[in-house]
$ cat start.cif   # mmCIF, C-alpha atoms
data_run
#
loop_
_atom_site.label_atom_id
_atom_site.label_comp_id
_atom_site.auth_asym_id
_atom_site.auth_seq_id
_atom_site.Cartn_x
_atom_site.Cartn_y
_atom_site.Cartn_z
CA GLY A 1 -49.50 127.05 -61.08
CA VAL A 2 -47.78 125.19 -58.25
CA GLU A 3 -49.54 121.95 -59.22
CA LEU A 4 -48.44 122.42 -62.83
CA LEU A 5 -44.80 122.95 -61.84
CA ASP A 6 -44.87 119.95 -59.50
CA PHE A 7 -46.38 117.81 -62.26
CA ALA A 8 -43.76 118.92 -64.81
CA ARG A 9 -40.95 118.32 -62.31
CA SER A 10 -42.18 114.81 -61.55
CA LEU A 11 -42.34 114.01 -65.28
CA PHE A 12 -38.80 115.24 -65.89
CA ALA A 13 -37.52 112.96 -63.12
CA THR A 14 -38.66 109.80 -64.94
CA SER A 15 -36.18 107.32 -66.37
CA ASN A 16 -38.42 104.87 -68.28
CA HIS A 17 -41.84 104.60 -69.93
CA ARG A 18 -43.46 102.69 -67.09
CA GLN A 19 -42.47 105.31 -64.55
CA LEU A 20 -43.64 108.06 -66.90
CA GLY A 21 -47.07 106.42 -67.13
CA HIS A 22 -47.39 106.16 -63.34
CA ARG A 23 -46.43 109.78 -62.79
CA PHE A 24 -48.73 110.99 -65.54
CA MET A 25 -51.67 109.17 -63.95
CA ALA A 26 -50.80 110.52 -60.49
CA GLY A 27 -50.43 114.15 -61.59
CA PHE A 28 -52.88 114.75 -64.42
CA GLY A 29 -55.97 114.38 -62.23
CA ARG A 30 -54.74 117.16 -59.93
CA LEU A 31 -54.70 119.63 -62.80
CA PHE A 32 -58.02 118.76 -64.44
CA ASP A 33 -61.37 118.08 -62.83
CA LEU A 34 -62.04 115.35 -65.35
CA PRO A 35 -62.94 111.73 -64.58
CA MET A 36 -61.41 110.15 -67.70
CA TYR A 37 -57.94 110.43 -69.16
CA ALA A 38 -55.33 108.25 -70.83
CA LEU A 39 -51.84 108.43 -72.33
CA TYR A 40 -50.84 106.55 -75.48
CA VAL A 41 -47.25 106.44 -76.74
CA ALA A 42 -45.84 104.76 -79.83
CA ASP A 43 -43.52 101.81 -79.30
CA PRO A 44 -40.14 102.93 -80.69
CA TRP A 45 -39.54 99.48 -82.27
CA THR A 46 -42.93 98.58 -83.75
CA GLY A 47 -44.61 101.98 -84.08
CA ASN A 48 -47.77 100.63 -82.42
CA GLU A 49 -49.33 102.85 -79.78
CA LEU A 50 -49.21 101.50 -76.23
CA CYS A 51 -51.40 102.72 -73.38
CA LEU A 52 -49.08 103.87 -70.57
CA GLY A 53 -52.01 104.56 -68.25
CA SER A 54 -55.73 105.29 -68.12
CA THR A 55 -58.44 106.08 -65.59
CA GLY A 56 -62.21 106.28 -65.68
CA VAL A 57 -62.66 103.73 -68.48
CA SER A 58 -62.86 99.95 -68.55
CA ASP A 59 -60.31 97.55 -69.98
CA SER A 60 -62.95 96.33 -72.40
CA PHE A 61 -63.43 99.87 -73.66
CA LEU A 62 -59.66 100.21 -74.26
CA ALA A 63 -59.53 96.85 -76.02
CA ARG A 64 -62.42 97.81 -78.29
CA TYR A 65 -60.75 101.13 -79.08
CA GLU A 66 -57.44 99.46 -79.93
CA ARG A 67 -59.01 96.74 -82.07
CA GLY A 68 -61.45 98.77 -84.11
CA GLY A 69 -62.07 102.17 -82.65
CA ARG A 70 -58.92 103.76 -84.00
CA GLU A 71 -60.36 103.72 -87.52
CA LEU A 72 -63.35 105.77 -86.29
CA ASP A 73 -61.26 108.25 -84.30
CA TRP A 74 -61.39 111.36 -86.46
CA LEU A 75 -60.21 113.40 -83.45
CA LYS A 76 -56.86 111.66 -83.61
CA ALA A 77 -56.73 112.00 -87.39
CA HIS A 78 -57.40 115.73 -86.99
CA LEU A 79 -54.60 116.25 -84.44
CA ARG A 80 -52.14 114.26 -86.55
CA ALA A 81 -52.96 116.40 -89.55
CA THR A 82 -52.65 119.70 -87.67
CA GLY A 83 -50.20 118.84 -84.86
CA ARG A 84 -52.56 120.67 -82.48
CA ALA A 85 -54.97 119.66 -79.72
CA VAL A 86 -58.56 119.06 -80.78
CA TYR A 87 -61.83 119.32 -78.76
CA ASN A 88 -64.93 117.57 -80.06
CA MET A 89 -67.27 120.41 -79.14
CA GLU A 90 -65.19 122.86 -81.18
CA GLN A 91 -65.82 120.70 -84.24
CA MET A 92 -69.55 119.99 -83.90
CA ALA A 93 -72.63 120.51 -81.78
CA MET A 94 -73.65 118.05 -79.05
CA ASP A 95 -76.53 116.57 -81.05
CA GLU A 96 -74.17 115.93 -83.97
CA TRP A 97 -71.68 114.26 -81.63
CA LEU A 98 -74.33 111.92 -80.25
CA GLU A 99 -75.02 110.74 -83.81
CA ASP A 100 -71.38 110.49 -84.86
CA PRO A 101 -70.09 106.89 -85.41
CA LEU A 102 -67.20 107.53 -83.01
CA TYR A 103 -69.77 108.06 -80.24
CA THR A 104 -72.42 105.53 -81.29
CA LYS A 105 -69.95 102.66 -81.75
CA LEU A 106 -67.45 103.38 -78.97
CA LYS A 107 -67.73 106.45 -76.77
CA TYR A 108 -71.33 105.62 -75.82
CA LEU A 109 -69.96 102.84 -73.57
CA HIS A 110 -68.97 105.53 -71.06
CA ASP A 111 -71.26 108.22 -72.47
CA ILE A 112 -68.27 110.48 -73.15
CA ARG A 113 -69.81 113.86 -74.02
CA HIS A 114 -66.76 116.11 -73.98
CA GLU A 115 -63.37 114.91 -75.14
CA ALA A 116 -60.06 116.59 -75.97
CA GLN A 117 -57.04 114.93 -77.51
CA ALA A 118 -53.56 116.43 -77.68
CA PRO A 119 -50.56 115.17 -79.62
CA VAL A 120 -47.54 113.85 -77.75
CA ILE A 121 -44.97 115.45 -79.97
CA ASN A 122 -41.22 115.96 -80.23
CA ARG A 123 -38.57 116.21 -82.94
CA ASP A 124 -39.69 112.85 -84.33
CA GLY A 125 -43.21 114.19 -84.91
CA VAL A 126 -46.41 112.93 -83.28
CA ILE A 127 -45.42 109.92 -81.17
CA GLY A 128 -48.54 109.52 -79.03
CA THR A 129 -51.81 110.95 -77.82
CA LEU A 130 -53.11 112.42 -74.58
CA HIS A 131 -56.88 111.88 -74.07
CA CYS A 132 -59.17 113.49 -71.51
CA GLY A 133 -62.94 113.70 -71.22
CA THR A 134 -66.10 113.58 -69.13
CA ASP A 135 -69.62 112.15 -69.22
CA ASP A 136 -71.04 115.35 -67.72
CA PRO A 137 -72.91 117.19 -70.52
CA GLY A 138 -72.50 120.49 -68.70
CA ARG A 139 -68.77 120.18 -68.05
CA GLY A 140 -67.22 121.63 -71.19
CA LEU A 141 -63.50 122.17 -71.58
CA THR A 142 -62.25 125.75 -71.58
CA PRO A 143 -59.84 127.04 -74.25
CA TYR A 144 -57.19 127.24 -71.52
CA GLU A 145 -57.64 123.55 -70.67
CA VAL A 146 -57.33 122.57 -74.32
CA ARG A 147 -54.13 124.61 -74.66
CA LEU A 148 -52.80 123.10 -71.42
CA THR A 149 -53.32 119.55 -72.69
CA GLU A 150 -51.40 120.53 -75.81
CA ALA A 151 -48.52 121.95 -73.74
CA LEU A 152 -48.42 118.81 -71.59
CA GLY A 153 -48.27 116.67 -74.73
CA GLN A 154 -45.15 118.59 -75.75
CA VAL A 155 -43.60 118.16 -72.28
CA ILE A 156 -44.28 114.43 -72.34
CA GLY A 157 -42.90 114.16 -75.87
CA THR A 158 -39.67 115.85 -74.78
CA MET A 159 -39.44 113.47 -71.82
CA ILE A 160 -39.88 110.43 -74.06
CA GLU A 161 -37.19 111.71 -76.39
CA GLY A 162 -34.85 112.00 -73.41
CA ILE A 163 -35.76 108.52 -72.13
CA GLN A 164 -35.08 106.96 -75.53
CA HIS A 165 -31.79 108.87 -75.83
CA GLN A 166 -30.67 107.66 -72.41
CA GLU A 167 -31.63 104.10 -73.31
CA THR A 168 -29.57 104.35 -76.49
CA LEU A 169 -26.62 105.65 -74.47
CA ARG A 170 -26.96 102.82 -71.95
CA GLN A 171 -26.97 100.27 -74.76
CA GLU A 172 -23.89 101.85 -76.36
CA ARG A 173 -22.11 101.97 -73.02
CA ASN A 174 -22.97 98.35 -72.29
CA ARG A 175 -21.66 97.32 -75.71
CA ALA A 176 -18.44 99.27 -75.12
CA VAL A 177 -17.96 97.72 -71.68
CA ALA A 178 -18.68 94.24 -73.09
CA ALA A 179 -16.06 94.82 -75.80
CA LEU A 180 -13.52 95.88 -73.17
CA ASP A 181 -14.41 92.80 -71.13
CA ARG A 182 -13.77 90.54 -74.10
CA ALA A 183 -10.45 92.28 -74.66
CA GLY A 184 -9.50 91.50 -71.06
CA SER A 185 -9.42 95.16 -69.98
CA ALA A 186 -10.02 96.09 -66.35
CA VAL A 187 -12.94 98.57 -66.34
CA VAL A 188 -14.41 100.74 -63.58
CA ILE A 189 -17.65 102.72 -64.02
CA THR A 190 -18.64 105.45 -61.56
CA ASN A 191 -21.74 107.60 -61.51
CA LEU A 192 -22.90 110.51 -59.36
CA ALA A 193 -26.13 108.62 -58.66
CA ASP A 194 -24.33 105.48 -57.44
CA PRO A 195 -22.26 105.61 -54.23
CA GLU A 196 -20.23 102.52 -55.18
CA PRO A 197 -18.07 102.11 -58.30
CA HIS A 198 -18.88 99.21 -60.60
CA LEU A 199 -15.87 96.98 -61.32
CA ASN A 200 -15.77 94.22 -63.88
CA ASP A 201 -14.11 90.89 -63.02
CA ALA A 202 -10.71 91.94 -64.42
CA ALA A 203 -10.69 95.12 -62.31
CA ARG A 204 -11.70 93.23 -59.16
CA ARG A 205 -8.92 90.69 -59.68
CA MET A 206 -6.37 93.44 -60.29
CA LEU A 207 -7.27 95.42 -57.18
CA ALA A 208 -7.45 92.27 -55.04
CA ASP A 209 -3.65 92.09 -55.33
CA VAL A 210 -3.18 95.72 -54.27
CA VAL A 211 -2.75 96.69 -50.63
CA ASP A 212 -5.61 99.03 -49.64
CA GLY A 213 -7.05 98.64 -53.14
CA GLU A 214 -10.26 100.61 -52.49
CA ARG A 215 -8.39 103.72 -51.37
CA VAL A 216 -5.94 103.40 -54.28
CA LEU A 217 -8.82 103.17 -56.75
CA HIS A 218 -10.37 106.39 -55.46
CA ARG A 219 -7.02 108.12 -55.90
CA VAL A 220 -6.89 106.94 -59.50
CA ILE A 221 -10.42 108.11 -60.38
CA ALA A 222 -10.34 111.43 -58.48
CA ARG A 223 -11.13 114.15 -61.01
CA PRO A 224 -8.26 116.65 -61.33
CA GLY A 225 -10.30 119.50 -62.81
CA PRO A 226 -12.83 120.30 -65.51
CA GLU A 227 -11.26 117.94 -68.07
CA GLN A 228 -13.56 115.42 -69.72
CA SER A 229 -10.72 112.89 -69.90
CA PHE A 230 -7.63 112.40 -67.78
CA SER A 231 -5.14 109.78 -66.67
CA ARG A 232 -3.38 109.17 -63.40
CA HIS A 233 -0.71 106.73 -62.19
CA VAL A 234 -0.26 105.69 -58.57
CA ASP A 235 2.61 103.75 -56.99
CA VAL A 236 1.15 100.77 -55.12
CA GLU A 237 2.26 97.98 -52.84
CA LEU A 238 1.18 94.43 -53.59
CA ALA A 239 0.00 91.78 -51.17
CA ASP A 240 3.08 89.68 -51.96
CA GLY A 241 5.39 92.53 -50.91
CA ASP A 242 6.30 93.65 -54.42
CA THR A 243 5.56 97.15 -55.75
CA GLY A 244 4.26 98.49 -59.01
CA LEU A 245 2.38 101.22 -60.85
CA LEU A 246 -1.40 101.37 -61.31
CA HIS A 247 -2.41 103.52 -64.27
CA GLY A 248 -5.97 104.69 -64.91
CA ARG A 249 -7.27 106.28 -68.09
CA SER A 250 -10.63 107.96 -67.46
CA SER A 251 -13.25 109.59 -69.69
CA TYR A 252 -16.60 111.16 -68.90
CA ILE A 253 -19.51 110.38 -71.18
CA ARG A 254 -20.55 113.82 -72.43
CA ALA A 255 -24.16 112.90 -73.08
CA GLU A 256 -24.51 111.03 -69.77
CA PRO A 257 -23.42 113.57 -67.14
CA GLY A 258 -21.67 112.17 -64.10
CA THR A 259 -20.75 108.81 -65.65
CA LEU A 260 -17.01 108.08 -65.73
CA ILE A 261 -15.43 105.06 -67.43
CA THR A 262 -11.89 104.17 -66.35
CA THR A 263 -9.64 101.47 -67.77
CA LEU A 264 -6.90 100.22 -65.44
CA GLU A 265 -3.45 98.89 -66.32
CA PHE A 266 -0.90 97.55 -63.88
CA GLN A 267 2.84 96.94 -64.15
CA ARG A 268 5.18 95.56 -61.56
CA ASP A 269 8.41 97.37 -60.86
CA GLN A 270 11.29 96.37 -63.09
CA ALA A 271 14.92 97.24 -63.55
CA GLU A 272 15.65 100.91 -64.01
CA ILE A 273 16.33 102.29 -67.44
CA SER A 274 19.97 103.11 -68.04
CA ALA A 275 21.15 106.66 -68.68
CA GLU A 276 22.66 105.46 -71.97
CA THR A 277 19.25 104.29 -73.18
CA LEU A 278 17.60 107.52 -72.14
CA THR A 279 20.15 109.59 -74.04
CA ALA A 280 19.19 107.66 -77.17
CA LEU A 281 16.10 109.87 -77.34
CA THR A 282 16.23 113.14 -79.20
CA PRO A 283 15.39 116.34 -77.24
CA ARG A 284 11.92 116.42 -78.81
CA GLU A 285 11.35 112.73 -78.00
CA ARG A 286 12.41 113.31 -74.37
CA GLU A 287 10.01 116.27 -74.17
CA ILE A 288 7.13 114.19 -75.47
CA ALA A 289 8.06 111.22 -73.25
CA LEU A 290 7.91 113.43 -70.16
CA LEU A 291 4.48 114.74 -71.17
CA VAL A 292 3.30 111.13 -71.55
CA VAL A 293 4.50 110.52 -67.99
CA ASP A 294 2.45 113.52 -66.88
CA GLY A 295 -0.64 111.72 -68.19
CA LEU A 296 -1.33 113.78 -71.32
CA SER A 297 -2.93 112.14 -74.33
CA ASP A 298 -1.41 112.42 -77.81
CA ARG A 299 -3.99 115.06 -78.70
CA LEU A 300 -3.25 117.18 -75.63
CA ILE A 301 0.49 116.89 -76.28
CA ALA A 302 -0.09 118.01 -79.87
CA ASP A 303 -2.04 121.05 -78.67
CA ARG A 304 0.64 121.98 -76.15
CA LEU A 305 3.60 121.62 -78.56
CA TYR A 306 1.75 122.99 -81.62
CA LEU A 307 2.20 119.74 -83.51
CA SER A 308 -0.28 117.60 -85.40
CA HIS A 309 -1.87 114.66 -83.63
CA HIS A 310 -0.35 112.32 -86.25
CA THR A 311 3.15 113.71 -85.65
CA VAL A 312 2.91 113.14 -81.90
CA SER A 313 1.65 109.58 -82.46
CA GLN A 314 4.67 108.86 -84.63
CA TYR A 315 7.01 110.29 -81.98
CA VAL A 316 5.42 108.08 -79.32
CA LYS A 317 5.86 104.98 -81.49
CA ARG A 318 9.54 105.80 -82.03
CA ILE A 319 10.00 106.27 -78.27
CA TYR A 320 8.43 102.85 -77.66
CA ARG A 321 10.85 101.24 -80.13
CA LYS A 322 13.94 102.96 -78.75
CA LEU A 323 13.13 102.16 -75.11
CA ASP A 324 11.67 98.73 -75.88
CA VAL A 325 8.37 99.36 -74.08
CA PRO A 326 4.90 98.28 -75.28
CA SER A 327 2.66 100.94 -73.74
CA ARG A 328 2.32 104.31 -72.02
CA VAL A 329 2.17 102.55 -68.66
CA ALA A 330 5.47 100.79 -69.29
CA LEU A 331 7.06 104.03 -70.51
CA THR A 332 5.81 105.85 -67.42
CA ARG A 333 7.14 103.14 -65.13
CA LEU A 334 10.59 103.30 -66.72
CA LEU A 335 10.90 107.06 -66.74
CA LEU A 336 9.65 107.43 -63.19
CA GLY A 337 12.12 104.80 -62.09
CA HIS A 338 14.91 106.73 -63.80
CA ARG A 339 13.80 109.96 -62.14
CA ASN A 340 13.65 108.37 -58.71
CA SER A 341 17.06 106.77 -59.09
CA ASN A 342 18.56 110.22 -59.63
CA ARG A 343 16.92 111.89 -56.64
CA PRO A 344 19.17 112.71 -53.66
CA SER A 345 18.44 110.63 -50.62
#

$ encode --input "start.cif" --output "structure tokens"
Amino acid sequence: GVELLDFARSLFATSNHRQLGHRFMAGFGRLFDLPMYALYVADPWTGNELCLGSTGVSDSFLARYERGGRELDWLKAHLRATGRAVYNMEQMAMDEWLEDPLYTKLKYLHDIRHEAQAPVINRDGVIGTLHCGTDDPGRGLTPYEVRLTEALGQVIGTMIEGIQHQETLRQERNRAVAALDRAGSAVVITNLADPEPHLNDAARRMLADVVDGERVLHRVIARPGPEQSFSRHVDVELADGDTGLLHGRSSYIRAEPGTLITTLEFQRDQAEISAETLTALTPREREIALLVVDGLSDRLIADRLYLSHHTVSQYVKRIYRKLDVPSRVALTRLLLGHRNSNRPS
């Protein structure tokens, strides 16, 4: 039982097919006293089965199986038809097996007397095969061992599904980051598994101008609570002696726990907004403008004020026009400057 749990835990810690094959080969032999075993998994792009690992058989045997032996493999055809593990000695007697074309044309090379195959299966169906066997005529497989190979095939299938999902997510994230790069956005990616944040060139250039940029960045990306997305603005000092506002808009990737993507915007200090301009806003516009300064998205503002998301977006656009600002960062800079100018010394 302990060996089984250790094996399952090692499989669930894999992040790619190659690693999965290595861990399968290292752990399977501890569970079964069998000299021969192999793991085949379908390539997600071509559909062809690839051998992730094998032991106890020669490369020539594998090549012969892949080039012509598959057509003879009624064991595999049986498991694909039933979705269940199959054991040759449950289907025929030993003398029948020794006369079967699968044995006489292929399995005889290693005199494989007992063989079980289990489907590697997940929501996509049968995506591979787990093989195990022995050349010892007296070493039959127990019903428990056959059921265990079937259970392991399901575990491995679930792992492969997760690996492919993570790979899809990585590709989508890389495309998103590439698109932000082309747009000139400064992007920071952080992950619980990586002690250092990843900054693209635009983010590195931006923070290079900020005094104590590393510490400022960690203030921007510090998570305020359980929210999946948040924004934060930090007053900063620049290397040239000027000051400004660094604004970060952060979102966690729901399907990739621990990964945070933050886009940075920076604006230098500018002249304060006049009281006359501020009074040009209606009470509702001032209320929404202050919530923007607090870092709330249009959707969160809509939830708080019991308005539709579209209505809030229209309010924000009108605020931009009235105050002659192009973005939330610029609006925040202006309103904070107005607040600070009215504080008592």

$ atom_distance --input "start.cif" --atom1 "CA of Gln117 (chain A)" --atom2 "CA of Arg30 (chain A)"
17.9 Å

$ residues_around --input "start.cif" --residues "region 324-327 of chain A" --least-positions-apart "5" --cutoff "12 Å" --atoms "all atoms listed in the file" --output "PDB file with C-alpha atoms, in the frame of the given file"
ATOM      1  CA  HIS A 247      -2.410 103.520 -64.270  1.00  0.00           C
ATOM      2  CA  GLU A 265      -3.450  98.890 -66.320  1.00  0.00           C
ATOM      3  CA  PHE A 266      -0.900  97.550 -63.880  1.00  0.00           C
ATOM      4  CA  GLN A 267       2.840  96.940 -64.150  1.00  0.00           C
ATOM      5  CA  GLN A 270      11.290  96.370 -63.090  1.00  0.00           C
ATOM      6  CA  ILE A 273      16.330 102.290 -67.440  1.00  0.00           C
ATOM      7  CA  THR A 277      19.250 104.290 -73.180  1.00  0.00           C
ATOM      8  CA  LEU A 278      17.600 107.520 -72.140  1.00  0.00           C
ATOM      9  CA  ALA A 280      19.190 107.660 -77.170  1.00  0.00           C
ATOM     10  CA  ALA A 289       8.060 111.220 -73.250  1.00  0.00           C
ATOM     11  CA  VAL A 292       3.300 111.130 -71.550  1.00  0.00           C
ATOM     12  CA  VAL A 293       4.500 110.520 -67.990  1.00  0.00           C
ATOM     13  CA  VAL A 316       5.420 108.080 -79.320  1.00  0.00           C
ATOM     14  CA  LYS A 317       5.860 104.980 -81.490  1.00  0.00           C
ATOM     15  CA  ARG A 318       9.540 105.800 -82.030  1.00  0.00           C
ATOM     16  CA  ILE A 319      10.000 106.270 -78.270  1.00  0.00           C
ATOM     17  CA  THR A 332       5.810 105.850 -67.420  1.00  0.00           C
ATOM     18  CA  ARG A 333       7.140 103.140 -65.130  1.00  0.00           C
ATOM     19  CA  LEU A 334      10.590 103.300 -66.720  1.00  0.00           C
ATOM     20  CA  LEU A 335      10.900 107.060 -66.740  1.00  0.00           C
TER      21      LEU A 335
END

$ residues_around --input "start.cif" --residues "Asp294 (chain A)" --least-positions-apart "2" --cutoff "10 Å" --atoms "only C-alpha atoms" --output "list in words"
Ser231, Arg232, His233, Ile288, Ala289, Leu290, Leu291, Val292, Leu296, Ser297 and Thr332 of chain A

$ residues_around --input "start.cif" --residues "region 15-23 of chain A" --least-positions-apart "5" --cutoff "10 Å" --atoms "all atoms listed in the file" --output "PyMOL selection string"
chain A and resi 7-8+10+28+38-41+43+51-54+156+159-160+162-164+166-167

$ resolve_selection --input "start.cif" --expression "the PyMOL selection byres ((chain A and resi 103) around 12)" --output "MDAnalysis selection string"
chainID A and resid 65 69 72:75 88 94:102 104:115 135

$ atom_distance --input "start.cif" --atom1 "CA of Phe32 (chain A)" --atom2 "CA of Pro137 (chain A)"
16.2 Å

$ build_atoms --input "start.cif" --residues "region 123-136 of chain A" --atoms "N, CA and C atoms" --output "short mmCIF file (atom, residue, chain, number, x, y, z; two decimals), keeping the file's coordinate frame"
data_model
loop_
_atom_site.label_atom_id
_atom_site.label_comp_id
_atom_site.auth_asym_id
_atom_site.auth_seq_id
_atom_site.Cartn_x
_atom_site.Cartn_y
_atom_site.Cartn_z
N ARG A 123 -39.25 116.03 -81.67
CA ARG A 123 -38.57 116.21 -82.94
C ARG A 123 -38.86 115.10 -83.94
N ASP A 124 -39.34 113.95 -83.44
CA ASP A 124 -39.69 112.85 -84.33
C ASP A 124 -41.10 112.97 -84.89
N GLY A 125 -41.83 114.01 -84.47
CA GLY A 125 -43.21 114.19 -84.91
C GLY A 125 -44.18 113.76 -83.82
N VAL A 126 -45.39 113.39 -84.23
CA VAL A 126 -46.41 112.93 -83.28
C VAL A 126 -46.10 111.49 -82.89
N ILE A 127 -45.81 111.27 -81.62
CA ILE A 127 -45.42 109.92 -81.17
C ILE A 127 -46.41 109.35 -80.17
N GLY A 128 -47.55 110.02 -79.97
CA GLY A 128 -48.54 109.52 -79.03
C GLY A 128 -49.70 110.49 -78.91
N THR A 129 -50.61 110.15 -77.99
CA THR A 129 -51.81 110.95 -77.82
C THR A 129 -52.19 111.02 -76.35
N LEU A 130 -52.57 112.22 -75.93
CA LEU A 130 -53.11 112.42 -74.58
C LEU A 130 -54.62 112.62 -74.71
N HIS A 131 -55.41 111.81 -74.02
CA HIS A 131 -56.88 111.88 -74.07
C HIS A 131 -57.41 112.36 -72.73
N CYS A 132 -58.45 113.16 -72.75
CA CYS A 132 -59.17 113.49 -71.51
C CYS A 132 -60.62 113.81 -71.86
N GLY A 133 -61.53 113.46 -70.94
CA GLY A 133 -62.94 113.70 -71.22
C GLY A 133 -63.81 113.51 -70.00
N THR A 134 -65.14 113.70 -70.22
CA THR A 134 -66.10 113.58 -69.13
C THR A 134 -67.45 113.15 -69.69
N ASP A 135 -68.26 112.52 -68.84
CA ASP A 135 -69.62 112.15 -69.22
C ASP A 135 -70.64 113.18 -68.75
N ASP A 136 -70.16 114.28 -68.19
CA ASP A 136 -71.04 115.35 -67.72
C ASP A 136 -71.34 116.29 -68.88
#
